Every structure is written in C-alpha cells, then in structure tokens.
Amino acid sequence: MPDKNISFIVDEWRFVPNEGQIQFSDSIVTIDNRLTKLLEFLCQNPGLTHTRDELIDHVWGGTVLTDQAVTQAVFELRKLLKQHSVAGSSYIVTVTKRGYRFDGEVSVEKLDIKKPDSSKIALPNESALKPEKPIDKNEQEISPPKQPRIALTVLSILVVILTGLLLFQYQTDQPTTQGDNKHLSHYEFRYAVLNVGEDVKAKPELYGMVIKLVEHIGFYSNVRIVKSERHKQLAALEFNISTTPSRDGKKLRLLVQYRNRVSDQLHLNRRYSTNFSRFNETFTSIIDDLLRAMYIGVSEEEIQRNIGVFPENSEATRSLMAGTGMTYIGSDFDGALKHFRHAKTLAPNNAYTIAVNYIGEVLNAFTKDESERGQIIQSLNQEFSSSLAKSLDEKSSAKVCEANAILALANGDAEMASKVLFSIPYNQYTPLTYLLMAKAEEAQGHIDAAKELYLQGTQNTSSPTALELASPLFFDSNLDSLINELKSSTEKSH
C-alpha cells in the first residue's frame with residue numbers, strides 16, 4: 001500500500017493527499033477525491049506521459065469510464081494549479097496524440113506524526129511529590145542498582161567482539177584473485193542485457209516491436225545489447241520485457257522494466273497497450289519513458305521523426321513487426337516474407353515497407369539454387385529500383401539506405417553502395433549496415449577495412465551467424481578464418 005503519511009512539494013506549493021489539500025503560499029485549497037487521486041498519481045510519476053486509458057486504469061481503477069471524464073478532471077486541476085500557484089503554471093502538459101505529462105520537479109516529504117507532548121501530560125502537583133516525612137540522615141544509604149555495572153560489562157564485551165568482526169570483515173573485503181565481489185569498476189555502462197519472455201516471442205508482432213524498440217533506443221544512447229555470458233556479467237543495465245494482463249484482465253499489456261544493476265534500482269516498471277491501432281502512440285511512449293529513466297534527454301519531435309518511417313496503416317505495421325520478429329527468431333523466414341509482402345499490399349507507397357520487402361526478397365534469393373539466383377535478383381531490381389531511388393534523399397531512414405546499397409551492390413556499383421551507406425547517421429548503424437559496408441570495401445579491394453567492418457557487424461551478438469549469412473552475398477567472401485575466430489572466442493567466454 002502507498003504511504004499516505006507523505007506530502008509532495010512542487011515549487012512553492014505542497015500537496016497532502018491524505019487530507020486532499022493543496023497548500024499554496026497564500027491559501028489552502030481542498031480538492032475532491034477525484035482530483036486528489038489524479039494529482040497524487042501525477043506527482044508519483046513526474047515526467048512520464050500517460051494515455052487516458054492508463055489514467056482510467058491506474059487513477060480511478062476503471063470506475064471512470066469515459067475519456068471526457070478524464071479530460072474534465074485534467075481541465076479542473078490545471079485551472080486550479082494555474083490560478084493559485086505563484087509560477088502561474090498549469091503543470092499538466094498535453095502530449096499530442098498520446099496523453100498527459102506532469103512537468104514539475106517533485107520532492108517528497110514524510111509528514112510529522114504528532115506525538116503526545118510530555119510537557120503537557122498531567123503530573124501530580126509538587127506537594128504530592130514531596131515525601132510525607134523528612135528522610136532521616138542516620139538511615140542506611142541505599143546502594144545504587146547493579147544493572148548499570150552489568151550493562152557496562154556486557155557493552156565492553158560487545159565492543160571487543162564487534163572490533164574482531166570488523167577486522168575480519170575488512171580482511172574478507174580486500175580484493176583477491178579468486179573473489180567474486182563486484183565493485184563499480186566491474187561494470188561496463190555501455191552493456192545491457194535484454195531479457196525477453198517466451199510469452200513475447202510467442203507473438204512475433206510483439207517480439208518485432210521489441211527488436212525495433214531496442215534499435216531506436218540505440219539511436220539516442222551508447223547502450224549495446226550483449227548476448228555472450230562473459231559480457232552479460234559485465235552489463236550495468238538490464239531490460240526485462242514480458243506480457244501481463246490489464247487491470248480488468250480483458251486485455252494484454254506489454255510490461256517493460258528497466259533496472260540499473262549497479263544500484264539494483266528498478267527505474268521503470270510500466271505496462272503498455274498491445275493494440276496496434278495505437279502503435280505510434282505506444283511506441284513513442286515506451287521510448288520516451290525509457291530514455292527519461294536512463295536520464296537521456298531527447299525531444300519528442302526527434303523521436304516522432306524516427307518513428308515516422310513506419311506506415312500509417314496499423315495492420316501494415318503489425319505485419320512488418322511480425323515479419324521482423326520471425327526473422328530474429330530464425331524459425332520461419334518464408335513466413336516472415338509473407339508478412340512483409342502483406343505489409344506492402346497494405347502500404348504500397350511507404351518507403352520503409354518497400355525497403356524491408358526488397359531486402360527480404362534479395363536475402364531470400366541467396367538461399368536459392370545459384371542457377372536461379374541471378375534471374376531472381378535481376379527481376380527484383382527491375383521491380384524495386386524506381387521506388388527505391390525515389391525514396392532516397394538526405395532524410396532517408398537507415399533501412400531505405402541499406403536497401404539502396406544492396407541495389408547498388410547487386411548492380412556491381414560498390415562505390416555507390418559505400419556512398420549511400422555512409423549517409424546513414426553513425427548512431428543508426430545496424431549489423432546489416434556494417435556487413436554491407438564490409439562487402440562494399442571488399443569489392444573495392446580494401447581487405448583490412450572489410451575485416452574490421454565484418455567484425456563490427458557481429459558486435460551485438462558475438463556470434464558467427466551473421467558472417468555465415470553474409471559470406472555468399474553478391475560474391476563469395478572467404479570469411480572462414482573470422483568465423484573460426486569468433487567461434488573460438490565464444491567457446492572461451494563460456
């Protein structure tokens with residue numbers, strides 16, 4: 001149960017939920033239970049954006065049933081705060097197409113629980129405290145009690161024992177060659193562990209959404225998801241993603257948790273909608289919340305710009321995410337292609353959808369018999385070259401650039417492929433970007449540079465699988481030595 005014996009302080013005013021009062025500098029305002037619950041929730045979650053549905057669930061436990069009721073409550077609270085606060089701020093910001101966010105620095109104070117004042121406890125009057133007769137000085141003096149002497153002896157023994165324990169503890173805390181103690185220097189703050197529940201992986205569209213989420217978080221941070229056991233032990237950050245029922249048990253939510261392993265603090269623990277008709281809103285909210293929890297400041301305009309690559313058609317987005325999820329699971333690439341093709345029929349003019357389809361079809365062609373491969377790729381180039389060229393400009397997404405680089409490599413123009421790939425912002429490089437860069441460098445005879453780029457392409461997985469897939473693309477690359485090197489290092493790390 002939340003502690004009710006607290007108050008929230010924002011600027012010059014104090015909010016006491018237990019009393020339903022806001023204490024301003026020159027007045028005290030009592031608000032009803034409806035607004036009390038809303039303001040308490042917002043003060044507990046400053047800086048986070050909440051949809052109307054979330055407010056209905058978390059603030060009023062589903063008893064408020066309409067968006068209008070939420071809008072009215074927000075309106076009343078805003079008006080009250082703006083009217084009475086010295087700052088003249090309404091504090092509650094409307095985030096377009098998403099919901100509301102409380103923008104205020106909140107501090108929490110424990111309320112003083114008033115205890116009985118001992119000075120006011122009724123005591124007998126002085127005459128009652130006086131002895132009925134004077135003490136006879138000839139009477140035997142009463143010896144002081146022995147308990148303090150015993151306590152002093154016990155205390156001395158405890159001090160000796162405690163000193164010994166502290167010395168022993170000091171010795172055991174010293175660094176040893178075999179110690180397992182993890183100090184601050186043990187952790188690598190760029191490394192993060194991603195734990196995705198089997199319940200998420202069982203739904204490819206949700207798993208694909210998680211893959212894209214991690215990719216977008218990488219756009220704004222230096223965080224790198226690691227998979228080898230050796231690197232996992234060094235990771236300072238941890239993301240846990242699973243599914244959970246909504247409060248009423250009727251809907252499925254995506255539970256996203258972010259933990260800092262150094263402090264062992266859970267900085268984000270929230271449930272999000274899995275309804276793809278609200279994908280843009282939900283995806284933006286998760287990214288925004290995670291970045292805030294990681295103390296990374298990114299404008300919503302920039303987040304929206306990067307998310308804007310996905311099609312407006314929600315079913316097309318669902319198909320893209322499902323195909324992405326199936327690709328990463330690696331269980332059914334043909335099934336993934338069907339999802340990508342379906343997305344293209346629903347959003348035929350979306351550049352991201354076109355690029356994903358072309359990349360998927362070309363990679364699939366290299367799994368076919370070599371005698372058929374050339375004709376398949378030639379046919380694909382004729383089908384996609386015009387639309388890919390139109391989508392390529394200075395604001396193109398990484399996926400569009402990768403697709404155009406593949407098109408250039410398929411046409412034997414390695415120089416053009418390098419130019420397109422280097423137009424991708426560095427923080428948006430994917431493993432595929434590195435592998436394509438390596439292919440382009442190798443095709444131009446830059447073997448040492450290619451080797452470094454091939455290894456970069458495996459940095460997030462420490463696995464040779466990416467190299468095994470890249471080896472036959474466009475031309476046969478002899479990557480056996482690199483593959484064996486990675487396999488050897490992976491075995492040693494285990």
# chains A, B, ... in the order shown; residues from 1 in each chain; ligands from 1
>>> closest_atom_pairs(of="range 273-346 of chain A", to="range 382-400 of chain A", cutoff="10 Å", atoms="only C-alpha atoms", output="Markdown table")
| residue | atom | partner | partner_atom | distance |
| --- | --- | --- | --- | --- |
| A:Arg305 | CA | A:Lys395 | CA | 9.7 |
| A:Asn306 | CA | A:Ser397 | CA | 7.7 |
| A:Ile307 | CA | A:Ser397 | CA | 9.8 |
| A:Gly308 | CA | A:Ser397 | CA | 9.6 |
| A:Val309 | CA | A:Ser397 | CA | 6.9 |
>>> residues_around(residues="Val193 in chain A", least_positions_apart="5", cutoff="8 Å", atoms="only C-alpha atoms", output="PyMOL selection string")
chain A and resi 225-227+232+235+237-239
>>> atom_distance(atom1="CA of Glu19 in chain A", atom2="CA of Thr36 in chain A")
9.0 Å
>>> atom_distance(atom1="CA of Ala69 in chain A", atom2="CA of Arg52 in chain A")
9.6 Å
>>> residues_around(residues="Gln265 in chain A", least_positions_apart="3", cutoff="12 Å", atoms="only C-alpha atoms", output="ChimeraX atom specification")
/A:236-238,257-262,268-269,293-294
>>> closest_atom_pairs(of="range 26-110 of chain A", to="range 276-288 of chain A", cutoff="12 Å", atoms="only C-alpha atoms", output="Markdown table")
| residue | atom | partner | partner_atom | distance |
| --- | --- | --- | --- | --- |
| A:Gly47 | CA | A:Asp288 | CA | 9.5 |
| A:Leu48 | CA | A:Asp288 | CA | 7.9 |
| A:Thr49 | CA | A:Ser285 | CA | 6.6 |
| A:His50 | CA | A:Ser285 | CA | 8.1 |
| A:Thr51 | CA | A:Glu281 | CA | 8.7 |
| A:Arg52 | CA | A:Glu281 | CA | 11.7 |
| A:Asp53 | CA | A:Arg278 | CA | 11.6 |
| A:Glu54 | CA | A:Thr282 | CA | 11.3 |
| A:Val95 | CA | A:Glu281 | CA | 9.9 |
| A:Thr96 | CA | A:Glu281 | CA | 9.1 |
| A:Lys97 | CA | A:Glu281 | CA | 6.5 |
| A:Arg98 | CA | A:Glu281 | CA | 5.3 |
| A:Gly99 | CA | A:Glu281 | CA | 8.8 |
| A:Tyr100 | CA | A:Ser285 | CA | 10.9 |
| A:Arg101 | CA | A:Ser285 | CA | 10.8 |
>>> write_last_selection(atoms="C-alpha atoms", output="PDB file, in the first residue's frame")
ATOM      1  CA  GLY A  47       7.903  13.433 -16.477  1.00  0.00           C
ATOM      2  CA  LEU A  48       6.076  10.333 -17.754  1.00  0.00           C
ATOM      3  CA  THR A  49       3.365  10.513 -20.387  1.00  0.00           C
ATOM      4  CA  HIS A  50       0.090   8.750 -19.608  1.00  0.00           C
ATOM      5  CA  THR A  51      -2.729   7.933 -22.013  1.00  0.00           C
ATOM      6  CA  ARG A  52      -6.346   8.456 -20.970  1.00  0.00           C
ATOM      7  CA  ASP A  53      -6.786   4.693 -20.710  1.00  0.00           C
ATOM      8  CA  GLU A  54      -3.826   4.472 -18.326  1.00  0.00           C
ATOM      9  CA  VAL A  95       1.297  15.467 -25.386  1.00  0.00           C
ATOM     10  CA  THR A  96      -0.248  15.408 -28.849  1.00  0.00           C
ATOM     11  CA  LYS A  97      -1.922  12.109 -29.784  1.00  0.00           C
ATOM     12  CA  ARG A  98      -0.590  10.450 -26.627  1.00  0.00           C
ATOM     13  CA  GLY A  99      -1.957  11.833 -23.386  1.00  0.00           C
ATOM     14  CA  TYR A 100      -0.765  13.945 -20.463  1.00  0.00           C
ATOM     15  CA  ARG A 101       2.524  14.541 -18.652  1.00  0.00           C
TER      16      ARG A 101
END
>>> closest_residue(among="A:Leu80, A:Val106, A:Ala440, A:Ala73", to="Gln44 in chain A", atoms="only C-alpha atoms")
A:Val106
>>> atom_distance(atom1="CA of His58 in chain A", atom2="CA of Leu42 in chain A")
10.5 Å
>>> residues_around(residues="Val196 in chain A", least_positions_apart="4", cutoff="12 Å", atoms="only C-alpha atoms", output="VMD selection string")
chain A and resid 200 to 204 206 to 211 214 238 to 243 254 to 257 325 329
>>> closest_residue(among="A:Thr244, A:Gln233, A:Ser85, A:Ser263", to="Gly197 in chain A", atoms="only C-alpha atoms")
A:Thr244
>>> select_by_dssp(residues="range 201-426 of chain A", states="alpha helix (DSSP H)", output="PyMOL selection string")
chain A and resi 201+204-220+229-234+279-293+300-307+314-329+333-346+351-365+370-391+398-410+414-421
>>> closest_residue(among="A:Asn364, A:Ser423, A:Gln444, A:Ser379", to="Asp332 in chain A", atoms="only C-alpha atoms")
A:Asn364
>>> select_by_dssp(residues="range 205-319 of chain A", states="strand (DSSP E)", output="JSON, numbers by chain")
{"A": [224, 225, 235, 236, 237, 238, 239, 240, 241, 242, 243, 244, 245, 252, 253, 254, 255, 256, 257, 258, 259, 260, 265, 266, 267, 268, 269, 270, 271, 272, 273]}
>>> closest_residue(among="A:Leu35, A:Arg247, A:Glu40, A:Pro431", to="Lys79 in chain A", atoms="only C-alpha atoms")
A:Leu35
